[in-house]
Every structure is written in structure tokens, then in C-alpha cells.
$ cat entry10.txt   # compact mmCIF, C-alpha atoms
# COMPACT_ATOMS: atom_id res chain seq x y z
CA MET A 1 -1.68 33.76 -38.41
CA LEU A 2 -3.11 33.91 -41.90
CA LYS A 3 -1.23 35.18 -44.96
CA ASN A 4 -2.38 35.85 -48.52
CA ILE A 5 -5.98 35.19 -47.64
CA ARG A 6 -8.60 34.95 -50.37
CA SER A 7 -12.34 34.45 -50.59
CA GLY A 8 -13.11 30.74 -50.47
CA ASP A 9 -10.11 29.85 -48.30
CA LEU A 10 -10.73 27.49 -45.40
CA LEU A 11 -9.55 28.50 -41.94
CA PRO A 12 -7.39 25.85 -40.26
CA ALA A 13 -9.96 23.81 -38.35
CA ILE A 14 -9.74 22.82 -34.68
CA GLU A 15 -11.02 19.51 -33.35
CA LYS A 16 -11.98 18.68 -29.77
CA THR A 17 -13.68 15.98 -27.81
CA ILE A 18 -16.32 17.09 -25.33
CA ASP A 19 -16.66 15.14 -22.11
CA GLN A 20 -18.50 15.67 -18.84
CA ASP A 21 -15.27 16.69 -17.13
CA ARG A 22 -14.83 19.62 -19.53
CA ILE A 23 -18.47 20.62 -18.99
CA MET A 24 -17.95 20.54 -15.20
CA ARG A 25 -14.83 22.70 -15.54
CA TRP A 26 -16.78 25.23 -17.62
CA ALA A 27 -19.52 25.25 -14.98
CA LYS A 28 -16.97 26.12 -12.29
CA LEU A 29 -15.28 28.72 -14.50
CA SER A 30 -18.51 30.42 -15.47
CA GLY A 31 -20.62 29.83 -12.38
CA ASP A 32 -23.32 28.19 -14.52
CA PHE A 33 -24.38 25.07 -12.63
CA ASN A 34 -27.68 24.57 -14.44
CA ARG A 35 -28.58 20.93 -13.83
CA LEU A 36 -29.08 20.34 -17.54
CA HIS A 37 -25.31 20.69 -17.83
CA VAL A 38 -24.00 19.19 -14.60
CA ASP A 39 -26.53 16.60 -13.36
CA PRO A 40 -26.70 13.54 -15.66
CA GLU A 41 -29.54 11.94 -13.71
CA TYR A 42 -31.69 15.08 -13.91
CA ALA A 43 -30.75 15.74 -17.55
CA GLN A 44 -31.75 12.20 -18.50
CA GLN A 45 -35.35 13.03 -17.52
CA THR A 46 -35.50 16.13 -19.75
CA SER A 47 -36.24 16.28 -23.46
CA PHE A 48 -32.47 16.36 -24.07
CA LYS A 49 -32.11 12.85 -22.58
CA GLY A 50 -28.73 13.70 -21.06
CA THR A 51 -26.42 16.56 -20.23
CA ILE A 52 -25.41 19.09 -22.87
CA ALA A 53 -22.47 21.49 -23.08
CA HIS A 54 -22.96 25.15 -22.20
CA GLY A 55 -23.65 27.38 -25.23
CA PRO A 56 -21.06 29.99 -24.17
CA MET A 57 -18.34 27.31 -24.26
CA SER A 58 -18.99 27.05 -27.99
CA LEU A 59 -18.52 30.81 -28.24
CA ALA A 60 -15.11 30.33 -26.63
CA PHE A 61 -14.27 27.73 -29.29
CA LEU A 62 -15.22 30.13 -32.10
CA ASN A 63 -13.06 32.78 -30.43
CA GLU A 64 -10.19 30.29 -30.29
CA LEU A 65 -10.43 29.72 -34.04
CA MET A 66 -10.53 33.41 -34.86
CA MET A 67 -7.75 34.30 -32.40
CA GLN A 68 -5.61 31.57 -33.97
CA CYS A 69 -6.19 33.04 -37.43
CA PHE A 70 -6.19 36.78 -36.77
CA GLY A 71 -4.42 37.35 -33.43
CA GLU A 72 -4.37 41.07 -32.65
CA GLY A 73 -6.83 41.62 -35.50
CA TRP A 74 -9.34 39.58 -33.54
CA ALA A 75 -8.60 40.79 -30.01
CA VAL A 76 -9.07 44.38 -31.19
CA GLY A 77 -11.59 44.92 -33.94
CA GLY A 78 -12.98 41.40 -34.25
CA LYS A 79 -16.72 40.88 -34.55
CA LEU A 80 -18.66 37.69 -33.98
CA LEU A 81 -22.17 37.99 -35.40
CA ASP A 82 -25.40 35.99 -35.67
CA VAL A 83 -24.10 33.10 -33.59
CA ARG A 84 -26.91 30.56 -33.29
CA PHE A 85 -27.04 27.32 -31.37
CA VAL A 86 -28.84 24.90 -33.64
CA ALA A 87 -28.15 21.52 -32.02
CA PRO A 88 -26.89 20.48 -28.58
CA ILE A 89 -23.32 19.31 -28.03
CA ARG A 90 -23.19 16.31 -25.71
CA PRO A 91 -20.50 14.49 -23.75
CA GLY A 92 -18.75 12.11 -26.13
CA ASP A 93 -19.19 14.35 -29.16
CA ARG A 94 -16.15 14.99 -31.31
CA ILE A 95 -16.52 18.51 -32.68
CA ARG A 96 -14.83 20.38 -35.49
CA ILE A 97 -14.62 24.18 -35.34
CA GLU A 98 -14.24 25.50 -38.86
CA GLY A 99 -14.56 28.57 -41.02
CA THR A 100 -14.59 29.71 -44.63
CA VAL A 101 -13.51 33.11 -45.90
CA LYS A 102 -16.47 34.74 -47.61
CA ASP A 103 -15.11 38.16 -48.49
CA VAL A 104 -11.95 40.26 -48.16
CA GLN A 105 -12.14 44.05 -48.34
CA LYS A 106 -9.21 46.43 -48.05
CA LYS A 107 -10.04 49.45 -45.91
CA GLU A 108 -7.22 51.88 -45.20
CA ARG A 109 -4.37 49.82 -43.67
CA ASN A 110 -6.39 46.71 -42.94
CA TYR A 111 -8.07 43.87 -44.72
CA HIS A 112 -11.52 43.18 -43.29
CA VAL A 113 -12.03 39.45 -43.62
CA GLU A 114 -15.56 38.09 -43.40
CA CYS A 115 -15.81 34.44 -42.42
CA GLU A 116 -18.64 31.97 -42.10
CA LEU A 117 -18.12 29.81 -39.01
CA SER A 118 -19.57 26.58 -37.78
CA ILE A 119 -19.10 23.88 -35.19
CA LYS A 120 -19.93 20.46 -36.58
CA LYS A 121 -20.33 17.19 -34.76
CA GLN A 122 -18.78 13.89 -35.78
CA ASP A 123 -21.71 13.04 -38.06
CA GLY A 124 -21.46 16.41 -39.84
CA GLU A 125 -24.49 17.91 -38.07
CA LYS A 126 -24.03 21.62 -37.41
CA ALA A 127 -24.31 22.51 -33.73
CA VAL A 128 -23.39 26.21 -33.94
CA VAL A 129 -23.30 28.63 -36.87
CA GLY A 130 -22.23 32.25 -37.14
CA ARG A 131 -20.33 34.94 -39.01
CA ALA A 132 -17.21 36.82 -38.04
CA PHE A 133 -15.04 39.70 -39.19
CA GLY A 134 -11.33 39.68 -38.43
CA LEU A 135 -8.70 42.23 -39.38
CA LEU A 136 -5.36 41.68 -41.04
CA ARG A 137 -2.89 44.49 -41.45
CA ALA A 138 -2.24 45.03 -45.15
CA GLU A 139 1.51 44.66 -44.70
CA GLU A 140 0.97 41.36 -42.79
CA GLU A 141 -1.06 39.92 -45.62
CA GLU A 142 1.36 40.79 -48.45
CA MET B 1 -18.79 30.98 -7.41
CA ASP B 2 -20.98 29.04 -5.02
CA PRO B 3 -23.64 27.03 -6.87
CA MET B 4 -25.66 26.74 -3.68
CA GLU B 5 -26.09 30.49 -3.25
CA ASN B 6 -29.67 31.34 -2.39
CA LYS B 7 -30.63 33.97 -4.93
CA PRO B 8 -34.03 34.62 -6.49
CA GLU B 9 -34.74 33.56 -10.04
CA LEU B 10 -34.57 36.27 -12.68
CA ILE B 11 -37.96 36.15 -14.34
CA PHE B 12 -39.42 37.89 -17.38
CA THR B 13 -41.31 40.50 -15.36
CA ASP B 14 -37.94 41.57 -13.90
CA LEU B 15 -36.73 42.39 -17.40
CA PRO B 16 -38.51 45.46 -18.81
CA VAL B 17 -36.76 47.53 -21.48
CA ASP B 18 -34.07 49.79 -19.94
CA ARG B 19 -33.65 47.59 -16.87
CA ALA B 20 -30.01 48.10 -15.91
CA PHE B 21 -28.06 45.78 -13.64
CA ARG B 22 -25.46 46.82 -11.11
CA PRO B 23 -22.01 46.90 -12.73
CA LEU B 24 -19.98 43.72 -12.47
CA GLU B 25 -16.36 44.08 -11.38
CA TYR B 26 -14.54 41.24 -13.13
CA PRO B 27 -10.83 40.82 -12.26
CA ILE B 28 -8.68 39.19 -14.94
CA THR B 29 -6.24 37.12 -12.92
CA GLY B 30 -3.51 34.81 -14.11
CA GLU B 31 -5.36 31.92 -12.50
CA LEU B 32 -8.56 32.76 -14.40
CA VAL B 33 -6.72 32.88 -17.72
CA GLN B 34 -4.90 29.63 -16.98
CA GLU B 35 -8.13 27.85 -16.06
CA PHE B 36 -9.85 29.24 -19.16
CA MET B 37 -7.01 28.04 -21.41
CA GLU B 38 -7.09 24.55 -19.89
CA THR B 39 -10.87 24.21 -19.96
CA VAL B 40 -11.28 25.42 -23.53
CA GLY B 41 -8.03 23.86 -24.73
CA ASP B 42 -6.98 27.22 -26.22
CA ARG B 43 -3.24 27.66 -25.64
CA ASN B 44 -2.63 30.52 -28.07
CA PRO B 45 0.90 31.82 -27.31
CA LEU B 46 -0.36 35.41 -27.44
CA TYR B 47 -1.90 34.65 -24.01
CA TRP B 48 1.40 33.65 -22.38
CA ASP B 49 4.48 34.21 -24.56
CA GLU B 50 5.92 37.59 -23.49
CA ALA B 51 8.38 37.85 -26.40
CA LEU B 52 5.81 36.94 -29.07
CA ALA B 53 3.25 39.30 -27.58
CA GLN B 54 5.81 42.10 -27.56
CA GLU B 55 6.57 41.45 -31.22
CA LYS B 56 2.98 41.02 -32.42
CA LEU B 57 1.02 43.16 -29.99
CA LEU B 58 3.67 45.69 -28.93
CA GLY B 59 2.81 44.94 -25.33
CA PRO B 60 2.31 42.18 -22.77
CA PRO B 61 0.22 39.07 -23.50
CA VAL B 62 -3.53 39.47 -23.85
CA ALA B 63 -6.22 37.51 -22.05
CA PRO B 64 -8.51 35.37 -24.25
CA PRO B 65 -11.28 37.50 -25.79
CA GLY B 66 -13.53 34.46 -25.29
CA LEU B 67 -13.76 35.37 -21.60
CA ALA B 68 -16.54 37.65 -22.80
CA ALA B 69 -18.72 34.56 -23.09
CA ILE B 70 -18.47 34.27 -19.31
CA TYR B 71 -18.58 37.83 -18.03
CA ALA B 72 -21.51 38.68 -20.32
CA ARG B 73 -23.73 36.13 -18.61
CA VAL B 74 -22.52 36.90 -15.09
CA SER B 75 -23.22 40.62 -15.60
CA TYR B 76 -26.99 40.16 -15.30
CA LEU B 77 -26.96 37.24 -12.87
CA GLN B 78 -24.95 38.66 -9.96
CA ASP B 79 -28.03 38.86 -7.78
CA TYR B 80 -30.16 36.21 -9.45
CA THR B 81 -30.21 32.64 -10.67
CA MET B 82 -31.25 31.69 -14.16
CA PRO B 83 -34.53 29.77 -14.28
CA SER B 84 -34.31 26.42 -16.07
CA GLY B 85 -35.48 26.05 -19.63
CA GLY B 86 -34.20 29.27 -21.19
CA VAL B 87 -32.72 29.31 -24.66
CA LEU B 88 -29.75 31.37 -25.78
CA ALA B 89 -31.12 32.20 -29.20
CA LYS B 90 -28.29 34.30 -30.60
CA GLN B 91 -25.22 36.17 -29.44
CA GLU B 92 -22.97 38.82 -30.97
CA PHE B 93 -19.64 40.24 -29.83
CA GLU B 94 -17.50 43.17 -30.87
CA PHE B 95 -14.00 43.33 -29.42
CA LEU B 96 -12.83 46.89 -29.03
CA GLY B 97 -9.70 46.67 -26.92
CA PRO B 98 -7.31 44.06 -25.54
CA ILE B 99 -7.77 42.56 -22.07
CA ARG B 100 -4.56 42.15 -20.03
CA ILE B 101 -3.92 40.05 -16.96
CA GLY B 102 -4.27 42.38 -13.98
CA ASP B 103 -7.12 44.36 -15.54
CA THR B 104 -10.41 44.66 -13.72
CA LEU B 105 -13.29 44.91 -16.12
CA LYS B 106 -16.43 46.86 -15.37
CA VAL B 107 -19.31 45.13 -17.14
CA GLU B 108 -22.74 46.72 -17.43
CA ALA B 109 -25.81 44.92 -18.73
CA ARG B 110 -29.05 46.55 -19.81
CA VAL B 111 -32.24 45.17 -21.31
CA VAL B 112 -32.85 46.67 -24.75
CA GLU B 113 -35.72 44.47 -25.94
CA SER B 114 -38.39 42.62 -23.95
CA TYR B 115 -41.52 41.34 -25.64
CA LEU B 116 -43.75 38.40 -26.42
CA ASP B 117 -43.22 37.16 -29.96
CA GLU B 118 -45.92 35.90 -32.31
CA LYS B 119 -45.80 32.48 -30.64
CA GLY B 120 -46.06 33.99 -27.16
CA ARG B 121 -42.44 33.30 -26.32
CA LYS B 122 -40.72 35.70 -23.92
CA ARG B 123 -37.93 37.39 -25.87
CA VAL B 124 -35.25 39.40 -24.07
CA THR B 125 -32.20 41.13 -25.55
CA PHE B 126 -29.35 42.38 -23.38
CA LEU B 127 -26.79 44.97 -24.41
CA ILE B 128 -23.62 44.43 -22.40
CA ARG B 129 -20.63 46.75 -22.40
CA ALA B 130 -17.27 46.07 -20.80
CA GLU B 131 -14.48 48.53 -20.16
CA ASN B 132 -11.23 48.25 -18.25
CA GLN B 133 -10.14 50.11 -15.11
CA LYS B 134 -8.96 53.01 -17.30
CA SER B 135 -12.41 53.29 -18.90
CA VAL B 136 -11.06 51.92 -22.18
CA PRO B 137 -13.85 50.08 -24.03
CA ILE B 138 -13.16 46.33 -24.23
CA SER B 139 -16.23 44.75 -25.76
CA THR B 140 -19.85 45.20 -26.70
CA ILE B 141 -22.10 42.17 -26.57
CA ARG B 142 -25.68 41.54 -27.60
CA LEU B 143 -27.33 38.49 -26.14
CA TYR B 144 -30.73 37.36 -27.43
CA ALA B 145 -32.61 34.94 -25.22
CA ILE B 146 -35.94 33.19 -25.00
CA TRP B 147 -36.84 33.47 -21.33
CA PRO B 148 -38.45 30.46 -19.64
CA LYS B 149 -40.78 32.18 -17.19
$ encode --input "entry10.txt" --output "C-alpha cells"
Amino acid sequence: MLKNIRSGDLLPAIEKTIDQDRIMRWAKLSGDFNRLHVDPEYAQQTSFKGTIAHGPMSLAFLNELMMQCFGEGWAVGGKLLDVRFVAPIRPGDRIRIEGTVKDVQKKERNYHVECELSIKKQDGEKAVVGRAFGLLRAEEEE
Amino acid sequence: MDPMENKPELIFTDLPVDRAFRPLEYPITGELVQEFMETVGDRNPLYWDEALAQEKLLGPPVAPPGLAAIYARVSYLQDYTMPSGGVLAKQEFEFLGPIRIGDTLKVEARVVESYLDEKGRKRVTFLIRAENQKSVPISTIRLYAIWPK
């Protein structure tokens, strides 16, 4: 988990490759079998020209990043705000889940850490953007 | 969940403001957490390392908060299917309490906004609250969607 965090710091990024197998596993886990995600032949005929990953799977990736950085201070007290899906993530994409610390405020025994988050594709295009607040105990940070 | 279940589509006229859905009972099993970890690729030790969790969390391991991305959606689709073509415009989460393996969450979804925007698009906002079997609040979620029909 993070220590001595300051505005402008980068969160340790996570990289993943998305493939159709992962999308199928998410479909089974979530019960979302929309053909746009699970039927390549159908998806090819849509404006997306192929299957795309489920939006909520990206939310799970953002949660992974914040849990990695804040632990308990994410599981209890974390906030994920204004998450927008701005471009589809497709099988074969290599994605990078990253964040930047925008502000750190001490409130009572905790630091409230505001972060700007994004998921970028291999060409740098942003697929998902959002903001988050995680908590760090003051004694953890010092 | 059976993808071939024969449920009606949830359409915009089913979604007036204050429409509440029957509560979802969502059991947090070890198998669910394991499958989530493998699918997402999130193997945070706080989900499985008893000693670390005891040290950091003063209790047993927690389940991934990201499960909220799943139970939020299921909470309004227990009796319906989602029509094709919808857009998840925005989503927000607040995590209020830890989820533990063995918990059963009660998840309640309610429509808080339902309107046609300036371009005639069908906008729906859900407010979703989850609590555990002891009525301890777990999460509050707002899900903003553009409904397809």
C-alpha cells in the first residue's frame, strides 16, 4: 500500500491483455450474455464490428488498482466517481489501468486522497475515465 | 445464471421514478470470490491471506469490492433481460463496509431519474444500496444509463 503520498504522484499501474476468453468468463460470472459481448458473428454485424468487453469489468479493474493502493481504506470509505466509458475495449487490446494523485487532505485520523483514474489502450486512447477517493490512516502514511 | 432464461425485456416504460425492484439476495461464496479473482486477474492478498488480513484489517479476508459491479446490475435484472443497445453512461460507487466470504448481501435497486433528454434519449438513473445479513451498509451505487427502448 501507498506511503508518503503527495499530489502529482502516479499510482503503480496495472497492465492486462483482454481476450475473448476473459470476456466469456465475465459473462458467466455476471450473467450478462449480451450478444455484443459473447457472439463474435453477431457483433461483427453491429457498428462495433466485433465483440467488446463488458463495461462493469473495467469497473473491477479500477477497483483492483485502488484496492492495491489503499487496501482497507478502499474497501471501507472508498469512492469511485464519474466513471465514464469513452471507448470500447476489444479482444486483443492491451490495457493499462493507471491513476494520478490530484489532492491529499488530512481529515481527523485519515488522509483523503483524490485520484484521477483512467484505463488506456495500447495506442494511448482512453477507454475509461473516472475519479476516486481513497483513505490512508495518518499513521500509515508517516 | 442461465443465459437462455425466458424473461421479458426491461423497457423504458417499466422504469418510472421510484420504481423499486425486489431485493436481490447475493451470497458471497468462496467460489464466487475465487472466480472473480481469476477472471479479473486481481489476486490482492487481502482477499485470501488470513494473517495479512488479521494484521491490516483486524479480521478475516475481505471479498473484492469490485463485486459491486456485478451485483448492482443483477439487482434490477432478476426478473428481466436487458434489451440490446443500451449504454452505461456513468457509474459511481461508495464503499461503506467490508464484504466477507459467507456474507449474504441484500441489494435493493430503485429508479431515481427517468426522462427524455434534449436529444430524445431515454435516460435512467438507478440508486442501488447493498447491506449485509446484519443490516450493515456495504455500498451505495449510482448507475446512469441511456436506455435503448
$ residues_around --input "entry10.txt" --residues "Thr100 of chain A" --least-positions-apart "6" --cutoff "12 Å" --atoms "only C-alpha atoms" --output "list in words"
Ile5, Arg6, Ser7, Gly8, Asp9, Leu10, Leu11, Pro12, Ala13, Leu65, Met66, Cys69, Val113, Glu114, Cys115, Glu116, Leu117, Ser118, Ile119, Val129, Gly130, Arg131, Ala132 and Phe133 of chain A
$ atom_distance --input "entry10.txt" --atom1 "atom CA of Met67 of chain A" --atom2 "atom CA of Gly86 of chain B"
29.2 Å
$ closest_residue --input "entry10.txt" --among "B:Pro65, B:Pro23, B:Gly59, B:Pro148" --to "Gln78 of chain B" --atoms "all atoms listed in the file"
B:Pro23
$ atom_distance --input "entry10.txt" --atom1 "atom CA of Glu94 of chain B" --atom2 "atom CA of Thr140 of chain B"
5.2 Å
$ interface_residues --input "entry10.txt" --of "chain A" --to "chain B" --cutoff "10 Å" --atoms "only C-alpha atoms" --output "ChimeraX atom specification"
/A:14,16,18,21-36,46,54-68,71-86,129-133
$ write_last_selection --input "entry10.txt" --atoms "C-alpha atoms" --output "short mmCIF file (atom, residue, chain, number, x, y, z; two decimals), in the coordinates of the input"
data_model
loop_
_atom_site.label_atom_id
_atom_site.label_comp_id
_atom_site.auth_asym_id
_atom_site.auth_seq_id
_atom_site.Cartn_x
_atom_site.Cartn_y
_atom_site.Cartn_z
CA ILE A 14 -9.74 22.82 -34.68
CA LYS A 16 -11.98 18.68 -29.77
CA ILE A 18 -16.32 17.09 -25.33
CA ASP A 21 -15.27 16.69 -17.13
CA ARG A 22 -14.83 19.62 -19.53
CA ILE A 23 -18.47 20.62 -18.99
CA MET A 24 -17.95 20.54 -15.20
CA ARG A 25 -14.83 22.70 -15.54
CA TRP A 26 -16.78 25.23 -17.62
CA ALA A 27 -19.52 25.25 -14.98
CA LYS A 28 -16.97 26.12 -12.29
CA LEU A 29 -15.28 28.72 -14.50
CA SER A 30 -18.51 30.42 -15.47
CA GLY A 31 -20.62 29.83 -12.38
CA ASP A 32 -23.32 28.19 -14.52
CA PHE A 33 -24.38 25.07 -12.63
CA ASN A 34 -27.68 24.57 -14.44
CA ARG A 35 -28.58 20.93 -13.83
CA LEU A 36 -29.08 20.34 -17.54
CA THR A 46 -35.50 16.13 -19.75
CA HIS A 54 -22.96 25.15 -22.20
CA GLY A 55 -23.65 27.38 -25.23
CA PRO A 56 -21.06 29.99 -24.17
CA MET A 57 -18.34 27.31 -24.26
CA SER A 58 -18.99 27.05 -27.99
CA LEU A 59 -18.52 30.81 -28.24
CA ALA A 60 -15.11 30.33 -26.63
CA PHE A 61 -14.27 27.73 -29.29
CA LEU A 62 -15.22 30.13 -32.10
CA ASN A 63 -13.06 32.78 -30.43
CA GLU A 64 -10.19 30.29 -30.29
CA LEU A 65 -10.43 29.72 -34.04
CA MET A 66 -10.53 33.41 -34.86
CA MET A 67 -7.75 34.30 -32.40
CA GLN A 68 -5.61 31.57 -33.97
CA GLY A 71 -4.42 37.35 -33.43
CA GLU A 72 -4.37 41.07 -32.65
CA GLY A 73 -6.83 41.62 -35.50
CA TRP A 74 -9.34 39.58 -33.54
CA ALA A 75 -8.60 40.79 -30.01
CA VAL A 76 -9.07 44.38 -31.19
CA GLY A 77 -11.59 44.92 -33.94
CA GLY A 78 -12.98 41.40 -34.25
CA LYS A 79 -16.72 40.88 -34.55
CA LEU A 80 -18.66 37.69 -33.98
CA LEU A 81 -22.17 37.99 -35.40
CA ASP A 82 -25.40 35.99 -35.67
CA VAL A 83 -24.10 33.10 -33.59
CA ARG A 84 -26.91 30.56 -33.29
CA PHE A 85 -27.04 27.32 -31.37
CA VAL A 86 -28.84 24.90 -33.64
CA VAL A 129 -23.30 28.63 -36.87
CA GLY A 130 -22.23 32.25 -37.14
CA ARG A 131 -20.33 34.94 -39.01
CA ALA A 132 -17.21 36.82 -38.04
CA PHE A 133 -15.04 39.70 -39.19
#
$ closest_residue --input "entry10.txt" --among "B:Ala51, B:Val33, B:Val17, B:Ile101" --to "Leu127 of chain B" --atoms "all atoms listed in the file"
B:Val17
$ atom_distance --input "entry10.txt" --atom1 "atom CA of Asp123 of chain A" --atom2 "atom CA of Arg94 of chain A"
9.0 Å
$ closest_residue --input "entry10.txt" --among "B:Val107, B:Asp49, B:Glu55, B:Pro61" --to "Asn132 of chain B" --atoms "all atoms listed in the file"
B:Val107
$ residues_near_point --input "entry10.txt" --point "(-29.0, 38.4, -5.5)" --cutoff "10 Å" --atoms "only C-alpha atoms" --output "tab-separated table (two decimals) with C-alpha atoms, keeping the file's coordinate frame"
chain	number	residue	atom	x	y	z
B	5	GLU	CA	-26.09	30.49	-3.25
B	6	ASN	CA	-29.67	31.34	-2.39
B	7	LYS	CA	-30.63	33.97	-4.93
B	8	PRO	CA	-34.03	34.62	-6.49
B	9	GLU	CA	-34.74	33.56	-10.04
B	10	LEU	CA	-34.57	36.27	-12.68
B	77	LEU	CA	-26.96	37.24	-12.87
B	78	GLN	CA	-24.95	38.66	-9.96
B	79	ASP	CA	-28.03	38.86	-7.78
B	80	TYR	CA	-30.16	36.21	-9.45
B	81	THR	CA	-30.21	32.64	-10.67
